[in-house]
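**Student:** Provided below: target_29.txt, containing compact mmCIF, C-alpha atoms.
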```txt
# COMPACT_ATOMS: atom_id res chain seq x y z
CA MET A 1 -19.86 -17.23 25.50
CA VAL A 2 -17.21 -17.35 22.78
CA GLN A 3 -13.91 -18.72 23.97
CA GLN A 4 -11.05 -16.29 23.34
CA ASP A 5 -8.13 -17.92 21.59
CA ALA A 6 -4.79 -16.18 21.43
CA VAL A 7 -4.38 -14.59 18.00
CA GLU A 8 -0.95 -13.32 17.10
CA ARG A 9 -1.28 -9.58 16.66
CA TRP A 10 -0.36 -8.24 13.22
CA SER A 11 2.20 -5.56 12.54
CA VAL A 12 1.13 -2.19 11.20
CA GLU A 13 3.03 -2.99 7.98
CA ARG A 14 1.00 -6.15 7.46
CA VAL A 15 -2.24 -4.21 7.89
CA LEU A 16 -1.21 -1.47 5.47
CA ALA A 17 -0.21 -4.10 2.92
CA LEU A 18 -3.94 -4.88 2.56
CA ALA A 19 -4.80 -1.33 1.52
CA PRO A 20 -6.37 -1.22 -1.96
CA ASP A 21 -4.67 2.11 -2.65
CA THR A 22 -2.64 4.83 -1.01
CA ALA A 23 -5.65 7.04 -0.33
CA SER A 24 -7.30 4.24 1.68
CA ALA A 25 -4.14 3.72 3.71
CA LEU A 26 -3.90 7.44 4.53
CA ALA A 27 -7.62 7.63 5.42
CA ALA A 28 -7.33 4.55 7.64
CA ARG A 29 -4.45 6.10 9.58
CA LYS A 30 -6.70 9.07 10.44
CA LEU A 31 -9.42 6.75 11.77
CA ALA A 32 -7.01 4.48 13.65
CA ARG A 33 -7.80 6.10 17.01
CA PRO A 34 -9.56 4.27 19.84
CA ALA A 35 -11.79 7.33 20.31
CA ALA A 36 -13.17 6.86 16.79
CA TRP A 37 -14.52 3.40 17.64
CA SER A 38 -17.40 2.25 19.82
CA ASP A 39 -17.25 -1.08 21.66
CA PRO A 40 -14.58 -2.74 19.53
CA GLY A 41 -13.76 -6.34 20.38
CA VAL A 42 -11.99 -9.47 19.20
CA ALA A 43 -12.89 -13.10 19.81
CA GLY A 44 -10.92 -15.83 18.10
CA ASP A 45 -10.45 -14.78 14.48
CA LEU A 46 -13.37 -12.32 14.54
CA LEU A 47 -12.77 -8.59 15.03
CA TRP A 48 -15.57 -6.01 15.18
CA GLY A 49 -16.44 -2.43 16.02
CA TRP A 50 -18.63 0.58 15.22
CA CYS A 51 -17.21 3.74 13.61
CA GLN A 52 -19.21 6.98 13.44
CA GLY A 53 -19.34 8.35 9.91
CA SER A 54 -21.22 11.25 8.36
CA GLY A 55 -24.62 9.58 8.81
CA ALA A 56 -26.77 9.15 11.87
CA ARG A 57 -25.92 5.48 12.35
CA PRO A 58 -22.31 4.33 12.91
CA TYR A 59 -20.80 1.96 10.39
CA GLU A 60 -20.75 -1.71 11.41
CA THR A 61 -17.35 -3.20 10.65
CA ALA A 62 -16.18 -6.79 11.03
CA VAL A 63 -12.94 -8.53 10.03
CA ASP A 64 -12.17 -12.24 9.71
CA LEU A 65 -8.48 -12.37 10.67
CA ALA A 66 -8.10 -15.87 9.24
CA GLY A 67 -9.10 -14.77 5.71
CA PRO A 68 -8.36 -12.05 5.90
CA ALA A 69 -11.77 -10.74 4.87
CA SER A 70 -13.96 -7.87 5.99
CA ARG A 71 -17.42 -6.36 5.72
CA CYS A 72 -18.62 -2.87 6.51
CA SER A 73 -21.95 -1.09 6.22
CA CYS A 74 -20.29 1.98 4.68
CA PRO A 75 -20.99 2.71 0.98
CA SER A 76 -17.36 2.30 -0.12
CA ARG A 77 -16.70 -0.05 -3.03
CA LYS A 78 -13.08 -0.53 -2.04
CA PHE A 79 -11.98 -3.73 -0.37
CA PRO A 80 -11.02 -3.56 2.36
CA CYS A 81 -12.52 -0.16 3.10
CA LYS A 82 -10.82 2.47 5.23
CA HIS A 83 -12.91 1.49 8.26
CA ALA A 84 -11.80 -2.16 8.14
CA LEU A 85 -8.18 -1.05 7.74
CA ALA A 86 -8.50 1.41 10.62
CA LEU A 87 -10.05 -1.23 12.89
CA LEU A 88 -7.16 -3.57 12.06
CA LEU A 89 -4.68 -0.80 12.87
CA VAL A 90 -6.35 -0.17 16.24
CA TRP A 91 -6.19 -3.90 17.00
CA ALA A 92 -2.57 -4.12 15.80
CA THR A 93 -1.59 -1.47 18.34
CA GLY A 94 -3.22 -3.42 21.18
CA ALA A 95 -6.17 -1.07 21.71
CA VAL A 96 -8.97 -3.61 21.06
CA PRO A 97 -10.02 -5.62 24.14
CA ALA A 98 -10.99 -9.28 24.10
CA GLY A 99 -14.75 -9.60 23.64
CA ASP A 100 -17.27 -12.07 25.00
CA GLU A 101 -20.06 -12.42 22.48
CA PRO A 102 -19.65 -10.80 19.02
CA PRO A 103 -22.58 -8.65 17.86
CA ALA A 104 -25.22 -10.14 15.59
CA PHE A 105 -23.99 -8.40 12.42
CA ALA A 106 -20.52 -9.93 12.88
CA THR A 107 -21.67 -13.45 13.76
CA GLU A 108 -24.19 -13.57 10.91
CA TRP A 109 -21.54 -12.48 8.42
CA ALA A 110 -19.05 -15.02 9.79
CA ALA A 111 -21.67 -17.78 9.59
CA THR A 112 -22.43 -16.88 5.96
CA ARG A 113 -18.74 -17.07 5.11
CA ALA A 114 -18.40 -20.44 6.80
CA ASP A 115 -21.44 -21.80 4.96
CA ARG A 116 -20.11 -20.59 1.62
CA ALA A 117 -16.71 -22.15 2.27
CA ALA A 118 -18.35 -25.50 3.09
CA ARG A 119 -20.20 -25.70 -0.23
CA PRO A 120 -18.76 -27.77 -3.10
CA ARG A 121 -16.66 -25.69 -5.51
CA GLY A 122 -18.23 -27.26 -8.56
CA GLU A 123 -17.13 -30.10 -10.72
CA ARG A 124 -13.59 -30.06 -12.06
CA ASP A 125 -11.53 -32.71 -13.75
CA PRO A 126 -9.39 -34.13 -10.91
CA ALA A 127 -6.61 -35.11 -13.33
CA ALA A 128 -6.45 -31.62 -14.86
CA GLN A 129 -6.55 -30.05 -11.44
CA ALA A 130 -3.69 -32.26 -10.25
CA ALA A 131 -1.64 -31.52 -13.38
CA ALA A 132 -2.12 -27.77 -12.93
CA ALA A 133 -1.08 -28.01 -9.29
CA LEU A 134 2.03 -30.00 -10.28
CA ARG A 135 3.01 -27.43 -12.91
CA ALA A 136 2.58 -24.60 -10.41
CA ALA A 137 4.69 -26.43 -7.83
CA GLN A 138 7.43 -27.17 -10.36
CA ARG A 139 7.55 -23.55 -11.46
CA ALA A 140 7.72 -22.37 -7.85
CA GLU A 141 10.69 -24.70 -7.27
CA ARG A 142 12.50 -23.43 -10.36
CA VAL A 143 11.89 -19.81 -9.37
CA ALA A 144 13.08 -20.45 -5.82
CA ALA A 145 16.25 -22.14 -7.09
CA GLY A 146 16.93 -19.29 -9.49
CA LEU A 147 16.44 -16.64 -6.80
CA ALA A 148 18.79 -18.55 -4.50
CA GLU A 149 21.46 -18.30 -7.21
CA LEU A 150 20.64 -14.62 -7.59
CA GLU A 151 21.29 -14.06 -3.88
CA ILE A 152 24.76 -15.62 -4.22
CA TRP A 153 25.47 -13.48 -7.29
CA LEU A 154 24.39 -10.30 -5.47
CA GLN A 155 26.66 -11.15 -2.55
CA ASP A 156 29.58 -11.66 -4.97
CA GLN A 157 28.95 -8.26 -6.58
CA VAL A 158 29.07 -6.47 -3.25
CA ARG A 159 32.06 -8.50 -2.06
CA THR A 160 34.19 -7.79 -5.15
CA GLY A 161 33.12 -4.14 -5.41
CA LEU A 162 31.02 -2.17 -7.85
CA ALA A 163 34.06 -0.97 -9.78
CA THR A 164 34.20 -4.33 -11.55
CA ALA A 165 30.70 -3.86 -12.97
CA GLY A 166 30.65 -2.87 -16.61
CA TYR A 167 27.99 -2.41 -19.24
CA GLY A 168 26.12 -5.71 -19.64
CA HIS A 169 27.62 -7.21 -16.47
CA ALA A 170 24.26 -8.69 -15.37
CA ASP A 171 23.21 -10.14 -18.72
CA ALA A 172 24.38 -13.68 -17.92
CA VAL A 173 22.50 -13.93 -14.63
CA ALA A 174 19.47 -12.34 -16.35
CA ALA A 175 19.50 -15.22 -18.84
CA ARG A 176 19.62 -17.64 -15.90
CA MET A 177 16.50 -15.97 -14.46
CA VAL A 178 14.71 -16.55 -17.74
CA ASP A 179 15.58 -20.25 -17.48
CA ALA A 180 14.28 -20.18 -13.89
CA GLN A 181 10.94 -18.78 -15.15
CA ALA A 182 11.44 -15.46 -13.38
CA PRO A 183 11.18 -13.04 -16.34
CA GLY A 184 10.36 -10.07 -14.14
CA VAL A 185 13.68 -10.44 -12.32
CA ALA A 186 15.46 -10.92 -15.64
CA GLY A 187 14.09 -7.62 -16.90
CA GLN A 188 15.28 -5.78 -13.79
CA LEU A 189 18.76 -7.28 -14.19
CA ARG A 190 18.96 -6.19 -17.82
CA ARG A 191 18.14 -2.63 -16.78
CA LEU A 192 20.83 -2.80 -14.09
CA SER A 193 23.30 -3.91 -16.77
CA THR A 194 23.03 -0.50 -18.42
CA LEU A 195 23.65 1.59 -15.30
CA PRO A 196 27.49 1.63 -15.45
CA ALA A 197 27.11 3.64 -18.66
CA SER A 198 24.40 5.95 -17.29
CA GLY A 199 26.61 8.81 -16.08
CA ASP A 200 27.63 10.28 -12.74
CA GLY A 201 26.24 8.58 -9.66
CA TRP A 202 25.77 5.19 -11.29
CA PRO A 203 27.31 3.21 -8.36
CA ALA A 204 24.61 4.47 -5.98
CA ARG A 205 21.87 3.63 -8.47
CA LEU A 206 23.34 0.17 -9.05
CA LEU A 207 23.63 -0.57 -5.35
CA ALA A 208 20.02 0.54 -4.81
CA GLY A 209 18.94 -1.84 -7.58
CA TYR A 210 20.86 -4.69 -5.96
CA GLY A 211 19.11 -3.92 -2.69
CA ARG A 212 15.65 -4.08 -4.26
CA LEU A 213 16.45 -7.43 -5.89
CA HIS A 214 17.72 -8.80 -2.58
CA LEU A 215 14.51 -7.68 -0.89
CA LEU A 216 12.43 -9.28 -3.65
CA ALA A 217 14.27 -12.61 -3.31
CA ARG A 218 13.78 -12.60 0.47
CA ALA A 219 10.10 -11.73 0.07
CA HIS A 220 9.64 -14.63 -2.34
CA GLU A 221 11.06 -16.99 0.31
CA GLN A 222 8.18 -15.94 2.59
CA LEU A 223 5.51 -15.82 -0.11
CA GLY A 224 3.13 -18.09 1.78
CA GLU A 225 3.31 -15.95 4.92
CA LEU A 226 2.69 -12.56 3.27
CA PRO A 227 -0.74 -10.88 3.14
CA PRO A 228 -2.43 -11.81 -0.16
CA PRO A 229 -2.15 -8.34 -1.77
CA LEU A 230 1.55 -8.08 -0.94
CA ALA A 231 2.13 -11.66 -2.08
CA ALA A 232 0.46 -10.78 -5.40
CA THR A 233 2.79 -7.79 -5.71
CA VAL A 234 5.86 -9.97 -5.16
CA ARG A 235 4.65 -12.52 -7.69
CA THR A 236 4.15 -9.74 -10.25
CA TYR A 237 7.70 -8.43 -9.88
CA VAL A 238 9.14 -11.94 -10.05
CA GLY A 239 7.22 -12.54 -13.25
CA TYR A 240 4.45 -15.02 -12.45
CA PRO A 241 1.81 -14.71 -15.18
CA ALA A 242 -1.59 -13.12 -14.64
CA THR A 243 -3.93 -13.69 -17.57
CA ARG A 244 -6.22 -11.01 -18.92
CA GLU A 245 -9.16 -13.29 -18.20
CA SER A 246 -8.23 -13.64 -14.53
CA VAL A 247 -7.91 -9.86 -14.16
CA LEU A 248 -11.27 -9.28 -15.86
CA ALA A 249 -12.76 -11.58 -13.22
CA GLU A 250 -11.74 -9.02 -10.56
CA PRO A 251 -14.39 -6.47 -9.46
CA ALA A 252 -14.80 -3.58 -11.88
CA VAL A 253 -14.37 0.08 -10.94
CA ALA A 254 -16.60 2.26 -13.11
CA ASP A 255 -15.68 5.90 -13.56
CA ASP A 256 -14.94 8.63 -16.07
CA TRP A 257 -11.19 8.09 -16.41
CA GLN A 258 -9.07 11.10 -17.33
CA VAL A 259 -6.09 10.23 -19.55
CA LEU A 260 -3.25 12.24 -18.03
CA ALA A 261 -0.02 11.10 -19.63
CA VAL A 262 1.44 8.63 -22.12
CA ARG A 263 5.01 7.38 -22.24
CA ASP A 264 6.57 5.00 -24.76
CA LEU A 265 9.16 2.58 -23.37
CA VAL A 266 11.44 1.60 -26.22
CA ASP A 267 14.58 0.51 -24.35
CA GLY A 268 13.23 -2.86 -23.24
CA ALA A 269 13.18 -6.20 -25.02
CA ILE A 270 9.58 -5.52 -26.09
CA PRO A 271 8.26 -2.01 -26.87
CA ALA A 272 5.65 -0.89 -24.37
CA ARG A 273 3.37 2.08 -23.86
CA ARG A 274 2.41 3.33 -20.41
CA LEU A 275 -0.80 5.34 -19.95
CA TRP A 276 -1.68 7.05 -16.66
CA LEU A 277 -5.35 7.63 -15.81
CA ARG A 278 -7.28 8.99 -12.85
CA GLY A 279 -10.96 8.56 -12.01
CA ARG A 280 -12.96 11.78 -11.79
CA ARG A 281 -15.30 10.42 -9.10
CA THR A 282 -13.09 7.94 -7.25
CA GLY A 283 -9.83 9.85 -7.56
CA GLN A 284 -8.17 6.47 -8.09
CA TRP A 285 -5.00 6.13 -10.15
CA ALA A 286 -4.83 3.56 -12.93
CA LEU A 287 -2.07 2.36 -15.24
CA ILE A 288 -2.63 0.81 -18.65
CA LEU A 289 0.47 -1.01 -19.88
CA VAL A 290 0.41 -2.13 -23.51
CA PHE A 291 3.09 -4.41 -24.96
CA ASP A 292 3.58 -4.82 -28.70
CA PRO A 293 6.64 -6.52 -30.23
CA LEU A 294 6.07 -4.61 -33.49
CA GLY A 295 5.01 -1.31 -31.96
CA ALA A 296 1.78 -1.49 -33.98
CA TRP A 297 -0.22 0.57 -31.52
CA GLY A 298 -3.05 1.13 -33.98
CA LYS A 299 -4.30 -2.41 -33.42
CA ASN A 300 -4.94 -1.79 -29.72
CA PRO A 301 -7.61 0.83 -28.88
CA ASP A 302 -6.21 1.25 -25.36
CA ALA A 303 -2.86 2.38 -26.76
CA LEU A 304 -4.56 5.13 -28.81
CA LEU A 305 -5.93 7.01 -25.81
CA GLU A 306 -4.57 10.56 -25.74
CA PRO A 307 -3.81 12.95 -22.88
CA GLY A 308 -6.53 15.54 -22.48
CA THR A 309 -9.35 13.05 -23.06
CA SER A 310 -11.61 11.15 -20.71
CA LEU A 311 -12.85 7.55 -21.09
CA PRO A 312 -16.08 6.33 -19.42
CA ALA A 313 -15.32 2.69 -18.69
CA GLU A 314 -15.00 -0.12 -16.19
CA LEU A 315 -11.43 -0.90 -15.17
CA HIS A 316 -10.29 -4.16 -13.57
CA PHE A 317 -7.24 -3.92 -11.34
CA TYR A 318 -4.48 -6.49 -11.17
CA PRO A 319 -4.05 -7.94 -7.66
CA GLY A 320 -1.40 -6.09 -5.72
CA THR A 321 -0.74 -3.31 -3.28
CA PRO A 322 -1.31 -0.54 -4.07
CA PRO A 323 -3.54 -1.58 -6.99
CA LEU A 324 -2.44 0.33 -10.05
CA ARG A 325 -2.20 -1.63 -13.30
CA VAL A 326 -5.55 -2.30 -14.99
CA VAL A 327 -7.31 -4.03 -17.85
CA VAL A 328 -9.99 -1.99 -19.58
CA GLY A 329 -13.34 -3.75 -19.41
CA ALA A 330 -16.68 -2.51 -20.70
CA ARG A 331 -16.65 0.97 -22.22
CA ALA A 332 -19.67 3.22 -21.67
CA GLY A 333 -18.67 5.44 -24.58
CA GLU A 334 -15.77 6.76 -26.58
CA ALA A 335 -12.96 8.91 -25.23
CA ALA A 336 -13.86 12.61 -25.44
CA PRO A 337 -11.99 15.89 -24.77
CA SER A 338 -11.69 16.62 -21.08
CA ALA A 339 -10.99 19.65 -18.92
CA PRO A 340 -7.51 19.92 -17.37
CA PRO A 341 -7.09 17.79 -14.22
CA ALA A 342 -7.08 19.41 -10.82
CA PRO A 343 -3.80 18.99 -8.92
CA ILE A 344 -4.18 16.68 -5.93
CA GLY A 345 -2.14 18.96 -3.70
CA ASP A 346 1.13 20.83 -3.52
CA LEU A 347 4.52 19.22 -4.02
CA ASP A 348 4.87 18.35 -0.35
CA ALA A 349 1.50 16.57 -0.29
CA GLN A 350 2.23 14.59 -3.43
CA LEU A 351 5.68 13.58 -2.21
CA ALA A 352 3.99 12.29 0.95
CA GLU A 353 1.63 10.21 -1.23
CA TRP A 354 4.61 8.86 -3.19
CA ALA A 355 6.29 7.92 0.10
CA ALA A 356 3.12 6.16 1.30
CA ALA A 357 2.96 4.22 -1.97
CA LEU A 358 6.58 3.10 -1.51
CA GLU A 359 5.70 1.95 1.99
CA LEU A 360 3.16 -0.43 0.46
CA ASP A 361 5.37 -1.43 -2.49
CA PRO A 362 9.12 -0.85 -2.01
CA TRP A 363 9.81 -1.98 -5.61
CA LEU A 364 7.55 0.64 -7.18
CA PRO A 365 9.63 2.39 -9.89
CA GLU A 366 7.22 5.25 -10.67
CA TRP A 367 4.12 6.89 -9.23
CA PRO A 368 1.74 9.23 -11.10
CA ALA A 369 1.71 12.96 -10.41
CA VAL A 370 -0.48 15.95 -11.25
CA VAL A 371 1.16 19.14 -9.99
CA ARG A 372 0.90 22.88 -10.50
CA GLY A 373 4.03 24.99 -10.56
CA VAL A 374 6.77 26.61 -12.60
CA PRO A 375 9.67 24.93 -14.43
CA VAL A 376 13.03 26.47 -13.49
CA PRO A 377 15.89 26.00 -15.99
CA GLY A 378 19.39 25.49 -14.63
CA GLU A 379 22.91 25.20 -15.95
CA ARG A 380 23.22 21.55 -14.93
CA ALA A 381 19.67 20.53 -14.03
CA TRP A 382 16.06 21.71 -14.23
CA ARG A 383 13.73 21.99 -11.28
CA PHE A 384 9.96 22.34 -10.78
CA ALA A 385 8.80 24.70 -8.06
CA ASP A 386 5.67 25.76 -6.21
CA ASP A 387 5.03 27.61 -2.94
CA THR A 388 6.21 24.63 -0.85
CA GLY A 389 9.59 24.16 -2.53
CA ALA A 390 11.21 22.62 -5.60
CA VAL A 391 12.00 19.14 -6.93
CA PRO A 392 14.42 17.96 -9.65
CA LEU A 393 12.98 17.53 -13.14
CA VAL A 394 13.93 14.37 -15.01
CA THR A 395 14.40 15.65 -18.56
CA SER A 396 15.75 12.56 -20.32
CA GLY A 397 13.39 11.63 -23.12
CA VAL A 398 11.37 14.87 -22.90
CA ASP A 399 11.91 18.42 -24.14
CA PRO A 400 11.89 20.72 -21.10
CA TRP A 401 11.98 23.82 -23.32
CA VAL A 402 8.49 23.00 -24.57
CA LEU A 403 7.40 22.96 -20.93
CA ALA A 404 9.13 26.30 -20.35
CA ALA A 405 7.54 27.81 -23.47
CA VAL A 406 4.03 26.79 -22.43
CA SER A 407 4.66 28.06 -18.91
CA GLY A 408 6.16 31.41 -19.90
CA GLY A 409 7.22 31.82 -16.28
CA ARG A 410 3.67 31.29 -14.98
CA PRO A 411 2.34 28.27 -13.02
CA VAL A 412 1.06 25.44 -15.21
CA VAL A 413 -0.57 22.06 -14.57
CA VAL A 414 1.77 19.16 -15.34
CA ALA A 415 1.10 15.42 -15.31
CA GLY A 416 3.98 12.99 -15.07
CA GLU A 417 5.73 10.44 -12.92
CA TRP A 418 7.53 10.55 -9.61
CA THR A 419 10.79 8.63 -9.81
CA ALA A 420 13.77 8.15 -7.51
CA ASP A 421 15.51 10.96 -9.43
CA GLY A 422 12.66 13.46 -9.33
CA LEU A 423 9.60 14.41 -11.38
CA ARG A 424 9.43 13.32 -15.01
CA PRO A 425 7.02 15.70 -16.84
CA LEU A 426 4.97 14.08 -19.59
CA THR A 427 2.03 16.43 -20.27
CA VAL A 428 1.51 20.16 -19.70
CA TRP A 429 -1.78 22.02 -20.13
CA HIS A 430 -1.94 25.25 -22.14
CA GLY A 431 -5.39 26.44 -21.19
CA ASP A 432 -7.65 23.49 -22.00
CA GLU A 433 -5.19 21.92 -24.43
CA ALA A 434 -2.96 19.03 -23.34
CA VAL A 435 0.56 19.31 -24.77
CA PRO A 436 2.59 16.06 -24.71
CA LEU A 437 6.24 16.54 -23.81
```
Render the structure in this file as structure tokens.
**Tutor:**
Amino acid sequence: MVQQDAVERWSVERVLALAPDTASALAARKLARPAAWSDPGVAGDLLWGWCQGSGARPYETAVDLAGPASRCSCPSRKFPCKHALALLLVWATGAVPAGDEPPAFATEWAATRADRAARPRGERDPAAQAAAALRAAQRAERVAAGLAELEIWLQDQVRTGLATAGYGHADAVAARMVDAQAPGVAGQLRRLSTLPASGDGWPARLLAGYGRLHLLARAHEQLGELPPPLAATVRTYVGYPATRESVLAEPAVADDWQVLAVRDLVDGAIPARRLWLRGRRTGQWALILVFDPLGAWGKNPDALLEPGTSLPAELHFYPGTPPLRVVVGARAGEAAPSAPPAPIGDLDAQLAEWAAALELDPWLPEWPAVVRGVPVPGERAWRFADDTGAVPLVTSGVDPWVLAAVSGGRPVVVAGEWTADGLRPLTVWHGDEAVPL
């Protein structure tokens, strides 16, 4: 009999932080019912259960809580799959009883993991390994010290009042973050420096930005205690490097990727181009982010992808939750014209997806959208409406009258980005033709 050790139960938030994407998190919530599981149990760090799917045999699911790691007999290529997430949610709510002897499929998988972990990792130069570890530790100390100074600066800003903030007020502390090897934080501070000149409502936007930076600094303090996907997300926003080679080592997701929208970001220190894609088969979102100090996009084939085309390729996702940014791996062909994308749902459904994404990543500045509706001009602001309601349109940097002309008062398919201020339209379809905005 396996001895049952007390395992501290996870929170629901910690479970959802493991979700590979928003769709998996939403699907897991639907399966997180005790009635959906047969004979679930937990013994030590091993959690198991059977979930009835569409086939005749229920899916065998096991989770190593110490990893965390999971295995499931379902055909999903996502890790962890919705069944593993759902089983963790059921356990997190206290609905999984202590088990005696785990089933064979769970014990065999756990034994295989233990055997693999006990094997030598291969020969590496001990001196080089030690030097790399020392550099990583030194950088972590510098980042931690810089973020501690940032916390004091944020407290001073709130204490003295936002009225003292002027254009460029955060530039000095941004430079300090560069010295502390936290370039991601520095970039956020530079953007906050411009908000006092951004028009009505800037104090609320500035305070929200301060709040996100405070949350990021606190999350970095607990980096070692966070679930690995969430920890990777925090490291990304702070500015820890992730090499292209390391991302290409991640599992590939092969699909026919529809190019939905392209947006050039020219207000940063380095010009960048953002490309939103969605897999036809997987329905998974993907973001290609191309940086080029000279804006010479012609030298990068990824930057030349156009809305209205589809690229058969393998994409490798950066670690994080939800996984979004990618590196393009092997291409199975060239980009070719594609039919207009199908909207995922109405405005209410897509706003719910945006909210679920923010639950996984509270620092997420944008989320992709494909909606069908009608643009509504206004004296002070534009809106986009469908049968479920209307949302504000973010028109800075785009020409909403082109959108209105294509629409002609009729519903059209639009791809763009959800932001805190509303929907930013980037592409509209006129029949089968994609029209960039």
**Student:** Within 12 Å of (-17.2, -18.6, 7.4) in the file's own coordinates, which protein, DNA or RNA residues have an atom, counting only C-alpha atoms? List them as an MDAnalysis selection string.
**Tutor:** chainID A and resid 45:46 63:70 106:119
**Student:** Please identify all polymer residues within 9 Å of Leu216 in chain A, counting all atoms listed in the file, omitting same-chain residues fewer than 3 positions from it, and present them as a ChimeraX atom specification.
**Tutor:** /A:147,185,211-213,219-221,234,237-238,363
**Student:** Under the rule that only C-alpha atoms are counted, which of A:Cys81, A:Ala130, A:Val326, A:Val428 is the nearest residue to Val412 in chain A?
**Tutor:**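 Between A:Cys81, A:Ala130, A:Val326, A:Val428, the residue approaching Val412 in chain A most closely is A:Val428.
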**Student:** Record the distance separating CA of Ala369 in chain A and CA of Arg424 in chain A, expressed in Å with one decimal.
**Tutor:**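 About the pair CA of Ala369 in chain A and CA of Arg424 in chain A: they are 9.0 Å apart.
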**Student:** If you count all atoms listed in the file, which residues fall within 12 Å of Val247 in chain A, apart from same-chain ones fewer than 3 positions away, as a VMD selection string?
**Tutor:** chain A and resid 241 to 244 250 to 252 315 to 320 323 325 to 329
**Student:** With C-alpha atoms retained, write the just-selected residues as a compact mmCIF listing (two decimals), keeping the file's coordinate frame.
**Tutor:**
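Resulting contents of result_29.txt:
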```
# COMPACT_ATOMS: atom_id res chain seq x y z
CA PRO A 241 1.81 -14.71 -15.18
CA ALA A 242 -1.59 -13.12 -14.64
CA THR A 243 -3.93 -13.69 -17.57
CA ARG A 244 -6.22 -11.01 -18.92
CA GLU A 250 -11.74 -9.02 -10.56
CA PRO A 251 -14.39 -6.47 -9.46
CA ALA A 252 -14.80 -3.58 -11.88
CA LEU A 315 -11.43 -0.90 -15.17
CA HIS A 316 -10.29 -4.16 -13.57
CA PHE A 317 -7.24 -3.92 -11.34
CA TYR A 318 -4.48 -6.49 -11.17
CA PRO A 319 -4.05 -7.94 -7.66
CA GLY A 320 -1.40 -6.09 -5.72
CA PRO A 323 -3.54 -1.58 -6.99
CA ARG A 325 -2.20 -1.63 -13.30
CA VAL A 326 -5.55 -2.30 -14.99
CA VAL A 327 -7.31 -4.03 -17.85
CA VAL A 328 -9.99 -1.99 -19.58
CA GLY A 329 -13.34 -3.75 -19.41
```
**Student:** Find the spatial neighbours of Gln258 in chain A, counting all atoms listed in the file, within a cut-off of 9 Å - ignore same-chain residues fewer than 6 positions away - and output them as a VMD selection string.
**Tutor:** chain A and resid 276 to 280 307 to 312 338 to 341
**Student:** What is the distance between CA of Gly409 in chain A and CA of Leu260 in chain A, in Å to one decimal?
**Tutor:**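 Interatomic distance here is 22.3 Å.
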**Student:** Which residues, written as a VMD selection string, have at least one atom at most 10 Å from range 11-26 of chain A, with only C-alpha atoms counted and residues fewer than 4 positions away on the same chain left out?
**Tutor:** chain A and resid 30 to 31 68 78 to 93 226 to 231 233 283 to 285 317 319 to 324 352 to 361
**Student:** Mind checking which residues fall within 6 Å of Gly99 in chain A, counting all atoms listed in the file, ignoring those fewer than 5 positions away in the same chain, and posting them as a PyMOL selection string?
**Tutor:** chain A and resi 41-43
**Student:** What is the distance between CA of Ala404 in chain A and CA of Ile344 in chain A, in Å to one decimal?
**Tutor:** 21.9 Å
**Student:** Determine the nearest neighbour of Asp179 in chain A from the options A:Val398, A:Ala144, A:Ala36, A:Leu364, counting only C-alpha atoms.
**Tutor:**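 For Asp179 in chain A, the nearest of the candidates is A:Ala144.
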**Student:** Compare A:Cys72, A:Ala420, A:Leu223, A:Ala163 by their minimum atom-to-atom distance to Ala140 in chain A, counting only C-alpha atoms, and give me the closest one.
**Tutor:**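 Going through A:Cys72, A:Ala420, A:Leu223, A:Ala163 one by one, the smallest distance to Ala140 in chain A is for A:Leu223.
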**Student:** In terms of the shortest atom-to-atom distance over all atoms listed in the file, which of A:Thr427, A:Gln181, A:Ser38, A:Asn300 is closest to Tyr59 in chain A?
**Tutor:**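 With all atoms listed in the file as the atom set, the closest residue is A:Ser38.
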